[in-house]
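A.B. asks: Just target.txt, nothing more (compact mmCIF, C-alpha atoms and all ligand atoms):
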```txt
# COMPACT_ATOMS: atom_id res chain seq x y z
CA MET A 10 83.09 -16.21 -55.47
CA LYS A 11 82.49 -19.28 -57.56
CA THR A 12 85.15 -21.60 -58.94
CA GLU A 13 83.49 -20.85 -62.30
CA PHE A 14 84.80 -17.28 -62.01
CA ILE A 15 88.35 -18.49 -61.30
CA ILE A 16 88.21 -20.66 -64.43
CA ALA A 17 86.86 -17.77 -66.54
CA ALA A 18 89.62 -15.54 -65.13
CA ALA A 19 92.27 -18.15 -65.98
CA LYS A 20 90.99 -18.25 -69.56
CA ALA A 21 90.97 -14.45 -69.83
CA ILE A 22 94.56 -14.41 -68.54
CA GLN A 23 95.55 -17.06 -71.08
CA GLN A 24 94.09 -14.99 -73.93
CA SER A 25 95.83 -11.86 -72.77
CA ILE A 26 99.22 -13.60 -72.44
CA LEU A 27 98.88 -15.19 -75.89
CA ALA A 28 97.85 -11.85 -77.41
CA ASN A 29 100.96 -10.16 -76.01
CA GLU A 30 103.60 -12.59 -77.25
CA ASN A 31 105.73 -9.96 -78.98
CA THR A 32 105.68 -7.54 -76.06
CA LEU A 33 106.63 -10.11 -73.41
CA GLU A 34 109.18 -11.79 -75.63
CA SER A 35 111.00 -8.61 -76.53
CA LEU A 36 111.00 -7.24 -72.96
CA ASP A 37 112.71 -10.36 -71.63
CA ARG A 38 115.07 -10.46 -74.60
CA ALA A 39 116.19 -6.91 -73.74
CA ILE A 40 117.02 -7.44 -70.04
CA GLY A 41 116.63 -11.19 -69.43
CA ASP A 42 117.06 -14.39 -71.39
CA GLY A 43 114.00 -14.13 -73.64
CA ASP A 44 111.98 -16.97 -72.15
CA HIS A 45 109.40 -15.04 -70.13
CA TYR A 46 106.66 -15.29 -72.76
CA ILE A 47 107.26 -19.03 -73.14
CA ASN A 48 107.15 -19.49 -69.37
CA MET A 49 103.89 -17.53 -69.03
CA LYS A 50 102.32 -19.29 -72.00
CA ARG A 51 103.25 -22.69 -70.62
CA GLY A 52 101.67 -21.80 -67.27
CA ALA A 53 98.52 -20.27 -68.76
CA ASN A 54 97.96 -23.25 -71.07
CA ALA A 55 98.53 -25.74 -68.25
CA ILE A 56 95.81 -24.07 -66.15
CA ALA A 57 93.38 -23.95 -69.08
CA ASP A 58 94.03 -27.68 -69.59
CA ILE A 59 92.93 -28.54 -66.04
CA ALA A 60 89.83 -26.27 -66.10
CA GLU A 61 87.42 -29.22 -65.98
CA GLU A 62 89.18 -30.74 -63.03
CA LEU A 63 89.27 -27.39 -61.20
CA ALA A 64 85.49 -27.07 -61.54
CA ASN A 65 85.06 -29.80 -58.90
CA PHE A 66 86.81 -27.85 -56.18
CA ALA A 67 85.95 -25.03 -53.80
CA PRO A 68 87.49 -21.70 -54.90
CA SER A 69 90.32 -21.85 -52.35
CA ASP A 70 91.19 -25.44 -53.31
CA ALA A 71 91.09 -24.50 -57.01
CA LEU A 72 93.55 -21.65 -56.35
CA ASN A 73 95.84 -24.03 -54.49
CA LYS A 74 95.71 -26.51 -57.41
CA ILE A 75 96.60 -23.66 -59.76
CA GLY A 76 99.63 -22.85 -57.61
CA LEU A 77 100.78 -26.47 -57.59
CA LYS A 78 100.31 -26.76 -61.34
CA LEU A 79 102.31 -23.57 -61.97
CA LEU A 80 105.08 -24.85 -59.73
CA SER A 81 105.41 -27.99 -61.82
CA THR A 82 105.05 -26.37 -65.25
CA ILE A 83 106.68 -22.93 -65.31
CA GLY A 84 110.45 -22.92 -65.20
CA GLY A 85 112.49 -19.82 -64.48
CA ALA A 86 112.25 -17.41 -61.60
CA SER A 87 108.64 -16.52 -62.27
CA GLY A 88 107.23 -20.06 -61.83
CA PRO A 89 107.83 -20.62 -58.12
CA LEU A 90 107.03 -16.95 -57.40
CA LEU A 91 103.63 -17.03 -59.10
CA ALA A 92 102.94 -20.47 -57.61
CA SER A 93 103.55 -19.14 -54.11
CA PHE A 94 101.11 -16.28 -54.81
CA PHE A 95 98.24 -18.66 -55.59
CA MET A 96 99.00 -21.04 -52.74
CA ALA A 97 99.16 -18.24 -50.18
CA MET A 98 95.97 -16.65 -51.52
CA ALA A 99 94.30 -20.08 -51.32
CA LYS A 100 95.38 -20.48 -47.70
CA THR A 101 94.04 -17.07 -46.68
CA LEU A 102 90.70 -17.61 -48.43
CA ALA A 103 90.37 -21.11 -46.93
CA SER A 104 90.79 -19.59 -43.47
CA GLN A 105 87.87 -17.24 -44.23
CA THR A 106 85.53 -20.05 -45.31
CA HIS A 107 83.39 -21.39 -42.51
CA LYS A 108 80.92 -23.70 -44.25
CA GLU A 109 81.47 -27.02 -45.92
CA TYR A 110 81.74 -26.57 -49.68
CA VAL A 111 78.80 -27.65 -51.85
CA LEU A 112 79.68 -28.15 -55.52
CA ASN A 113 78.95 -25.10 -57.70
CA GLU A 114 77.70 -23.10 -54.76
CA ASN A 115 78.81 -19.53 -54.31
CA VAL A 116 81.32 -19.08 -51.48
CA GLU A 117 80.68 -15.74 -49.86
CA TYR A 118 83.77 -13.57 -49.66
CA SER A 119 83.73 -9.84 -49.13
CA ALA A 120 85.94 -7.67 -51.35
CA ALA A 121 88.07 -7.18 -48.21
CA ASP A 122 88.51 -10.97 -47.88
CA ILE A 123 89.67 -11.22 -51.49
CA ALA A 124 91.95 -8.22 -51.09
CA ALA A 125 93.47 -9.85 -47.99
CA GLY A 126 94.01 -13.03 -50.02
CA PHE A 127 95.68 -11.05 -52.82
CA ALA A 128 97.90 -9.23 -50.32
CA ALA A 129 98.91 -12.53 -48.69
CA GLY A 130 99.84 -13.82 -52.15
CA VAL A 131 102.04 -10.80 -52.78
CA GLN A 132 103.64 -11.21 -49.35
CA ALA A 133 104.50 -14.81 -50.26
CA ILE A 134 106.28 -13.58 -53.42
CA ILE A 135 108.23 -11.05 -51.33
CA GLN A 136 109.34 -13.79 -48.95
CA ARG A 137 110.14 -16.37 -51.58
CA GLY A 138 112.07 -14.02 -53.89
CA LYS A 139 113.58 -11.89 -51.10
CA ALA A 140 112.77 -8.76 -53.09
CA ASN A 141 110.71 -5.67 -52.47
CA ILE A 142 109.42 -2.60 -54.25
CA GLY A 143 111.94 -0.65 -56.35
CA GLU A 144 114.02 -3.65 -57.50
CA LYS A 145 112.61 -3.74 -61.06
CA THR A 146 110.48 -6.87 -60.70
CA MET A 147 106.84 -7.94 -60.80
CA LEU A 148 106.60 -6.59 -57.24
CA ASP A 149 106.65 -3.02 -58.58
CA VAL A 150 103.19 -3.81 -59.93
CA LEU A 151 101.96 -6.25 -57.30
CA ILE A 152 102.81 -4.32 -54.11
CA PRO A 153 101.05 -1.05 -55.08
CA VAL A 154 98.08 -2.99 -56.44
CA ALA A 155 97.77 -5.03 -53.22
CA ASN A 156 97.99 -1.88 -51.10
CA GLN A 157 95.31 -0.08 -53.14
CA PHE A 158 93.09 -3.16 -53.21
CA VAL A 159 93.17 -3.57 -49.40
CA LEU A 160 92.60 0.16 -48.89
CA LEU A 161 89.64 0.47 -51.27
CA ALA A 162 88.02 -2.81 -50.24
CA THR A 163 88.14 -1.94 -46.54
CA GLN A 164 86.57 1.44 -47.42
CA ASN A 165 83.66 -0.52 -48.97
CA CYS A 166 84.33 0.94 -52.39
CA GLU A 167 82.23 -0.54 -55.26
CA ILE A 168 83.77 -3.19 -57.47
CA ASN A 169 83.94 -1.11 -60.69
CA PRO A 170 85.89 1.82 -59.23
CA ILE A 171 88.15 -0.66 -57.41
CA CYS A 172 88.92 -2.37 -60.74
CA THR A 173 89.52 0.92 -62.56
CA THR A 174 91.95 2.09 -59.87
CA LEU A 175 93.77 -1.25 -59.74
CA MET A 176 94.24 -1.27 -63.51
CA GLN A 177 95.68 2.27 -63.39
CA THR A 178 97.92 1.39 -60.44
CA ALA A 179 99.23 -1.66 -62.32
CA GLU A 180 100.03 0.46 -65.39
CA GLN A 181 101.88 3.02 -63.29
CA GLY A 182 103.81 0.15 -61.68
CA VAL A 183 104.90 -1.15 -65.08
CA ILE A 184 106.10 2.31 -66.14
CA SER A 185 107.93 2.77 -62.83
CA THR A 186 110.19 -0.21 -63.65
CA LYS A 187 111.58 1.58 -66.70
CA ASP A 188 113.95 3.90 -64.87
CA LEU A 189 115.04 1.42 -62.22
CA ILE A 190 118.25 -0.56 -61.92
CA ALA A 191 117.49 -4.23 -61.25
CA THR A 192 118.78 -5.65 -57.99
CA LYS A 193 117.07 -9.06 -58.26
CA GLY A 194 116.67 -11.61 -61.02
CA ARG A 195 118.66 -11.95 -64.26
CA ALA A 196 118.53 -8.21 -65.07
CA ALA A 197 120.52 -7.50 -61.90
CA GLY A 198 123.73 -8.29 -63.76
CA LEU A 199 123.11 -5.49 -66.26
CA GLY A 200 123.55 -2.58 -63.89
CA GLU A 201 122.76 0.75 -65.58
CA ARG A 202 122.17 -0.99 -68.92
CA ALA A 203 118.78 -2.11 -67.61
CA ILE A 204 117.65 1.52 -67.37
CA GLY A 205 115.15 2.43 -70.08
CA HIS A 206 113.65 -1.06 -70.23
CA ILE A 207 110.40 -2.24 -68.69
CA ASP A 208 110.54 -5.37 -66.54
CA PRO A 209 108.85 -8.33 -68.29
CA GLY A 210 107.42 -9.85 -65.09
CA ALA A 211 105.89 -6.49 -64.15
CA LYS A 212 104.26 -6.31 -67.59
CA SER A 213 102.82 -9.82 -67.43
CA CYS A 214 101.39 -9.15 -63.95
CA GLN A 215 99.77 -5.95 -65.24
CA LEU A 216 98.26 -7.90 -68.14
CA MET A 217 96.85 -10.52 -65.75
CA ILE A 218 95.41 -7.90 -63.41
CA ALA A 219 93.79 -6.04 -66.33
CA ALA A 220 92.32 -9.29 -67.70
CA VAL A 221 90.68 -10.19 -64.38
CA CYS A 222 89.49 -6.62 -63.69
CA THR A 223 87.96 -6.37 -67.16
CA LEU A 224 86.13 -9.63 -66.58
CA LEU A 225 84.82 -8.40 -63.21
CA MET A 226 83.63 -5.12 -64.70
CA GLU A 227 81.76 -6.93 -67.47
CA ALA A 228 80.00 -9.22 -64.98
P1 LIG B 301 113.95 -16.10 -65.55
O1 LIG B 301 114.37 -14.78 -64.98
O2 LIG B 301 114.42 -17.24 -64.71
O3 LIG B 301 114.31 -16.25 -67.00
P2 LIG B 301 111.25 -15.33 -66.28
O4 LIG B 301 111.87 -14.73 -67.48
O5 LIG B 301 110.06 -16.20 -66.51
O6 LIG B 301 112.33 -16.16 -65.45
O7 LIG B 301 110.80 -14.20 -65.26
C1 LIG B 301 111.53 -13.03 -65.10
C2 LIG B 301 110.75 -12.10 -64.17
O8 LIG B 301 110.71 -12.63 -62.86
C3 LIG B 301 111.40 -10.75 -64.02
O9 LIG B 301 111.01 -9.89 -65.07
C4 LIG B 301 110.93 -10.27 -62.66
O10 LIG B 301 109.72 -9.55 -62.75
C5 LIG B 301 110.63 -11.57 -61.93
N1 LIG B 301 111.60 -11.82 -60.86
C6 LIG B 301 112.84 -12.30 -60.96
N2 LIG B 301 113.42 -12.43 -59.74
C7 LIG B 301 112.50 -11.99 -58.84
C8 LIG B 301 112.46 -11.86 -57.41
N3 LIG B 301 113.46 -12.23 -56.63
N4 LIG B 301 111.32 -11.37 -56.85
C9 LIG B 301 110.26 -11.01 -57.61
N5 LIG B 301 110.23 -11.12 -58.95
C10 LIG B 301 111.33 -11.59 -59.57
MG MG B 302 113.62 -15.03 -68.52
```
Could you write out this file's structure as structure tokens?
Ligand code: ADP
Ligand code: MG

C.D. replies:
Amino acid sequence: MKTEFIIAAAKAIQQSILANENTLESLDRAIGDGDHYINMKRGANAIADIAEELANFAPSDALNKIGLKLLSTIGGASGPLLASFFMAMAKTLASQTHKEYVLNENVEYSAADIAAGFAAGVQAIIQRGKANIGEKTMLDVLIPVANQFVLLATQNCEINPICTTLMQTAEQGVISTKDLIATKGRAAGLGERAIGHIDPGAKSCQLMIAAVCTLLMEA
């Protein structure tokens, strides 16, 4: 993986978030406080703004910088949760790097290494937010995607079928939030009234996963 790819992925995520303003806004207006789009946009723009600076770092250090930037720019519940994802992924990837980084050089990671990094990121969200699957949060997308990713990558599956499966898994995760009662986050106060609504954080995670997978499949 090259830092160049991380920057391209951050830009693809930014475009996808900006293109889905109405969706994200209205989902959080229905079962939250309506700021989820603004939070995601603020985060995505902040990362795009530091793209040039990120280019000087090894991939794992760039991911850590992204986490720190998100922590200081996104308010709300989602900021610290997403920040902890990137910082934990950075830490796992750094532990798999054994050579000194040379600027712009490719850092060799297997798909299994990257899947392990993704799974560590999701684990960090679980720990930080004290939530798990079935609580109508972003984790209803992230946990199944992490599980599939680790499974397929350790089976040496090719990148395109991995991406196709992960995109489908993320979509199923989004839909699964619709019939759930929220037990974490703002929507938890709504009880049964949250039923019938998709969780905004689950939707934004699905959009981000689809943006990165699409980029990988085009490469
Ligand atoms: P806030 O809830 O503070 O207004 P956002 O609107 O930006 O923040 O984010 C809301 C999203 O955060 C929810 O849709 C949900 O997916 C996610 N979320 C909230 N609490 C948790 C938690 N404890 N664990 C995981 N995700 C959570
Ligand atoms: Mg909100």

A.B. asks: Quick check, in Å to one decimal: how far apart do CA of Leu112 in chain A and CA of Thr12 in chain A lie?

C.D. replies: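 About the pair CA of Leu112 in chain A and CA of Thr12 in chain A: they are 9.2 Å apart.
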
A.B. asks: Between CA of Ser87 in chain A and CA of Glu34 in chain A, what is the distance, to one decimal in Å?

C.D. replies: 14.2 Å

A.B. asks: With range 187-192 of chain A as the partner and 12 Å as the cut-off, tabulate the residues of range 13-97 of chain A that qualify, each row holding the nearest pair of atoms and their distance in Å to one decimal, using all atoms listed in the file, sorted by chain and rising number, as a Markdown table.

C.D. replies:
```
| residue | atom | partner | partner_atom | distance |
| --- | --- | --- | --- | --- |
| A:Leu36 | CA | A:Lys187 | CA | 10.8 |
| A:Ala39 | CA | A:Lys187 | CA | 12.0 |
| A:Ile40 | CA | A:Ala191 | CA | 9.4 |
| A:Gly41 | CA | A:Ala191 | CA | 10.8 |
```

A.B. asks: Check every protein, DNA and RNA residue against ligand LIG 301 (chain B), keep those with an atom at most 9 Å away (counting all atoms listed in the file), and present them as a VMD selection string.

C.D. replies: chain A and resid 36 to 38 40 to 49 83 to 88 90 to 91 134 to 141 144 to 149 192 to 197 207 to 214

A.B. asks: Under the rule that all atoms listed in the file are counted, which of A:Glu61, A:Ile16, A:Thr174, A:Leu33 is the nearest residue to ligand MG 302 (chain B)?

C.D. replies: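 Ranked by minimum distance to ligand MG 302 (chain B), first place goes to A:Leu33.
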
A.B. asks: What is the distance between CA of Glu227 in chain A and CA of Ile171 in chain A, in Å to one decimal?

C.D. replies: 13.5 Å

A.B. asks: Determine the nearest neighbour of Asn113 in chain A from the options A:Asn169, A:Ala71, A:Ala64, A:Ala220, counting only C-alpha atoms.

C.D. replies: A:Ala64

A.B. asks: List the neighbours of range 103-105 of chain A out to 8 Å using all atoms listed in the file; skip same-chain residues closer than 6 positions along the sequence, and give me the result as a PyMOL selection string.

C.D. replies: chain A and resi 69-70+118+122

A.B. asks: For Asn73 in chain A, which residue out of A:Gln24, A:Ser35, A:Gln177, A:Ser93 is the nearest one, using all atoms listed in the file?

C.D. replies: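 Among the listed residues, the smallest separation from Asn73 in chain A belongs to A:Ser93.
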
A.B. asks: For Ala92 in chain A, find every residue with an atom within 6 Å (counting only C-alpha atoms), except residues of its own chain fewer than 5 positions away, and show them as a PyMOL selection string.

C.D. replies: chain A and resi 76+79-80

A.B. asks: Go ahead and dump the residues you just picked, C-alpha atoms, as a PDB file, keeping the file's coordinate frame.

C.D. replies:
```pdb
ATOM      1  CA  GLY A  76      99.630 -22.850 -57.610  1.00  0.00           C
ATOM      2  CA  LEU A  79     102.310 -23.570 -61.970  1.00  0.00           C
ATOM      3  CA  LEU A  80     105.080 -24.850 -59.730  1.00  0.00           C
TER       4      LEU A  80
END
```

A.B. asks: Choose the residue, out of A:Ala55, A:Ala133, A:Ala128, A:Met226, that has the smallest atom-to-atom separation from Asn156 in chain A; count only C-alpha atoms.

C.D. replies: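 Looking only at the distances to Asn156 in chain A, the closest residue turns out to be A:Ala128.
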
A.B. asks: Since the input lacks atoms, please generate N, CA, C and O atoms for range 44-60 of chain A and provide them as a PDB file, in the coordinates of the input.

C.D. replies:
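Once everything was written out, this is part-v7.pdb:
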```pdb
ATOM      1  N   ASP A  44     112.919 -15.849 -72.286  1.00  0.00           N
ATOM      2  CA  ASP A  44     111.980 -16.970 -72.150  1.00  0.00           C
ATOM      3  C   ASP A  44     110.696 -16.611 -71.391  1.00  0.00           C
ATOM      4  O   ASP A  44     109.872 -17.480 -71.133  1.00  0.00           O
ATOM      5  N   HIS A  45     110.538 -15.365 -70.999  1.00  0.00           N
ATOM      6  CA  HIS A  45     109.400 -15.040 -70.130  1.00  0.00           C
ATOM      7  C   HIS A  45     108.047 -15.329 -70.795  1.00  0.00           C
ATOM      8  O   HIS A  45     107.138 -15.859 -70.150  1.00  0.00           O
ATOM      9  N   TYR A  46     107.930 -14.987 -72.071  1.00  0.00           N
ATOM     10  CA  TYR A  46     106.660 -15.290 -72.760  1.00  0.00           C
ATOM     11  C   TYR A  46     106.400 -16.801 -72.756  1.00  0.00           C
ATOM     12  O   TYR A  46     105.289 -17.245 -72.441  1.00  0.00           O
ATOM     13  N   ILE A  47     107.423 -17.566 -73.083  1.00  0.00           N
ATOM     14  CA  ILE A  47     107.260 -19.030 -73.140  1.00  0.00           C
ATOM     15  C   ILE A  47     106.862 -19.576 -71.765  1.00  0.00           C
ATOM     16  O   ILE A  47     105.974 -20.425 -71.653  1.00  0.00           O
ATOM     17  N   ASN A  48     107.501 -19.056 -70.731  1.00  0.00           N
ATOM     18  CA  ASN A  48     107.150 -19.490 -69.370  1.00  0.00           C
ATOM     19  C   ASN A  48     105.691 -19.179 -69.049  1.00  0.00           C
ATOM     20  O   ASN A  48     104.966 -20.025 -68.526  1.00  0.00           O
ATOM     21  N   MET A  49     105.266 -17.957 -69.347  1.00  0.00           N
ATOM     22  CA  MET A  49     103.890 -17.530 -69.030  1.00  0.00           C
ATOM     23  C   MET A  49     102.880 -18.315 -69.866  1.00  0.00           C
ATOM     24  O   MET A  49     101.822 -18.695 -69.374  1.00  0.00           O
ATOM     25  N   LYS A  50     103.233 -18.537 -71.118  1.00  0.00           N
ATOM     26  CA  LYS A  50     102.320 -19.290 -72.000  1.00  0.00           C
ATOM     27  C   LYS A  50     102.179 -20.730 -71.503  1.00  0.00           C
ATOM     28  O   LYS A  50     101.064 -21.266 -71.453  1.00  0.00           O
ATOM     29  N   ARG A  51     103.292 -21.314 -71.110  1.00  0.00           N
ATOM     30  CA  ARG A  51     103.250 -22.690 -70.620  1.00  0.00           C
ATOM     31  C   ARG A  51     102.340 -22.774 -69.392  1.00  0.00           C
ATOM     32  O   ARG A  51     101.502 -23.667 -69.275  1.00  0.00           O
ATOM     33  N   GLY A  52     102.487 -21.826 -68.484  1.00  0.00           N
ATOM     34  CA  GLY A  52     101.670 -21.800 -67.270  1.00  0.00           C
ATOM     35  C   GLY A  52     100.200 -21.590 -67.589  1.00  0.00           C
ATOM     36  O   GLY A  52      99.331 -22.318 -67.092  1.00  0.00           O
ATOM     37  N   ALA A  53      99.920 -20.602 -68.442  1.00  0.00           N
ATOM     38  CA  ALA A  53      98.520 -20.270 -68.760  1.00  0.00           C
ATOM     39  C   ALA A  53      97.834 -21.447 -69.466  1.00  0.00           C
ATOM     40  O   ALA A  53      96.672 -21.771 -69.172  1.00  0.00           O
ATOM     41  N   ASN A  54      98.553 -22.096 -70.364  1.00  0.00           N
ATOM     42  CA  ASN A  54      97.960 -23.250 -71.070  1.00  0.00           C
ATOM     43  C   ASN A  54      97.730 -24.420 -70.117  1.00  0.00           C
ATOM     44  O   ASN A  54      96.714 -25.120 -70.221  1.00  0.00           O
ATOM     45  N   ALA A  55      98.665 -24.624 -69.200  1.00  0.00           N
ATOM     46  CA  ALA A  55      98.530 -25.740 -68.250  1.00  0.00           C
ATOM     47  C   ALA A  55      97.282 -25.562 -67.384  1.00  0.00           C
ATOM     48  O   ALA A  55      96.577 -26.536 -67.092  1.00  0.00           O
ATOM     49  N   ILE A  56      96.992 -24.323 -66.990  1.00  0.00           N
ATOM     50  CA  ILE A  56      95.810 -24.070 -66.150  1.00  0.00           C
ATOM     51  C   ILE A  56      94.537 -24.266 -66.980  1.00  0.00           C
ATOM     52  O   ILE A  56      93.568 -24.873 -66.525  1.00  0.00           O
ATOM     53  N   ALA A  57      94.561 -23.764 -68.218  1.00  0.00           N
ATOM     54  CA  ALA A  57      93.380 -23.950 -69.080  1.00  0.00           C
ATOM     55  C   ALA A  57      93.112 -25.445 -69.289  1.00  0.00           C
ATOM     56  O   ALA A  57      91.959 -25.880 -69.314  1.00  0.00           O
ATOM     57  N   ASP A  58      94.181 -26.229 -69.384  1.00  0.00           N
ATOM     58  CA  ASP A  58      94.030 -27.680 -69.590  1.00  0.00           C
ATOM     59  C   ASP A  58      93.373 -28.393 -68.411  1.00  0.00           C
ATOM     60  O   ASP A  58      92.800 -29.463 -68.584  1.00  0.00           O
ATOM     61  N   ILE A  59      93.527 -27.854 -67.204  1.00  0.00           N
ATOM     62  CA  ILE A  59      92.930 -28.540 -66.040  1.00  0.00           C
ATOM     63  C   ILE A  59      91.619 -27.870 -65.589  1.00  0.00           C
ATOM     64  O   ILE A  59      91.123 -28.128 -64.497  1.00  0.00           O
ATOM     65  N   ALA A  60      91.052 -27.014 -66.475  1.00  0.00           N
ATOM     66  CA  ALA A  60      89.830 -26.270 -66.100  1.00  0.00           C
ATOM     67  C   ALA A  60      88.706 -27.198 -65.632  1.00  0.00           C
ATOM     68  O   ALA A  60      88.050 -26.928 -64.620  1.00  0.00           O
TER      69      ALA A  60
END
```
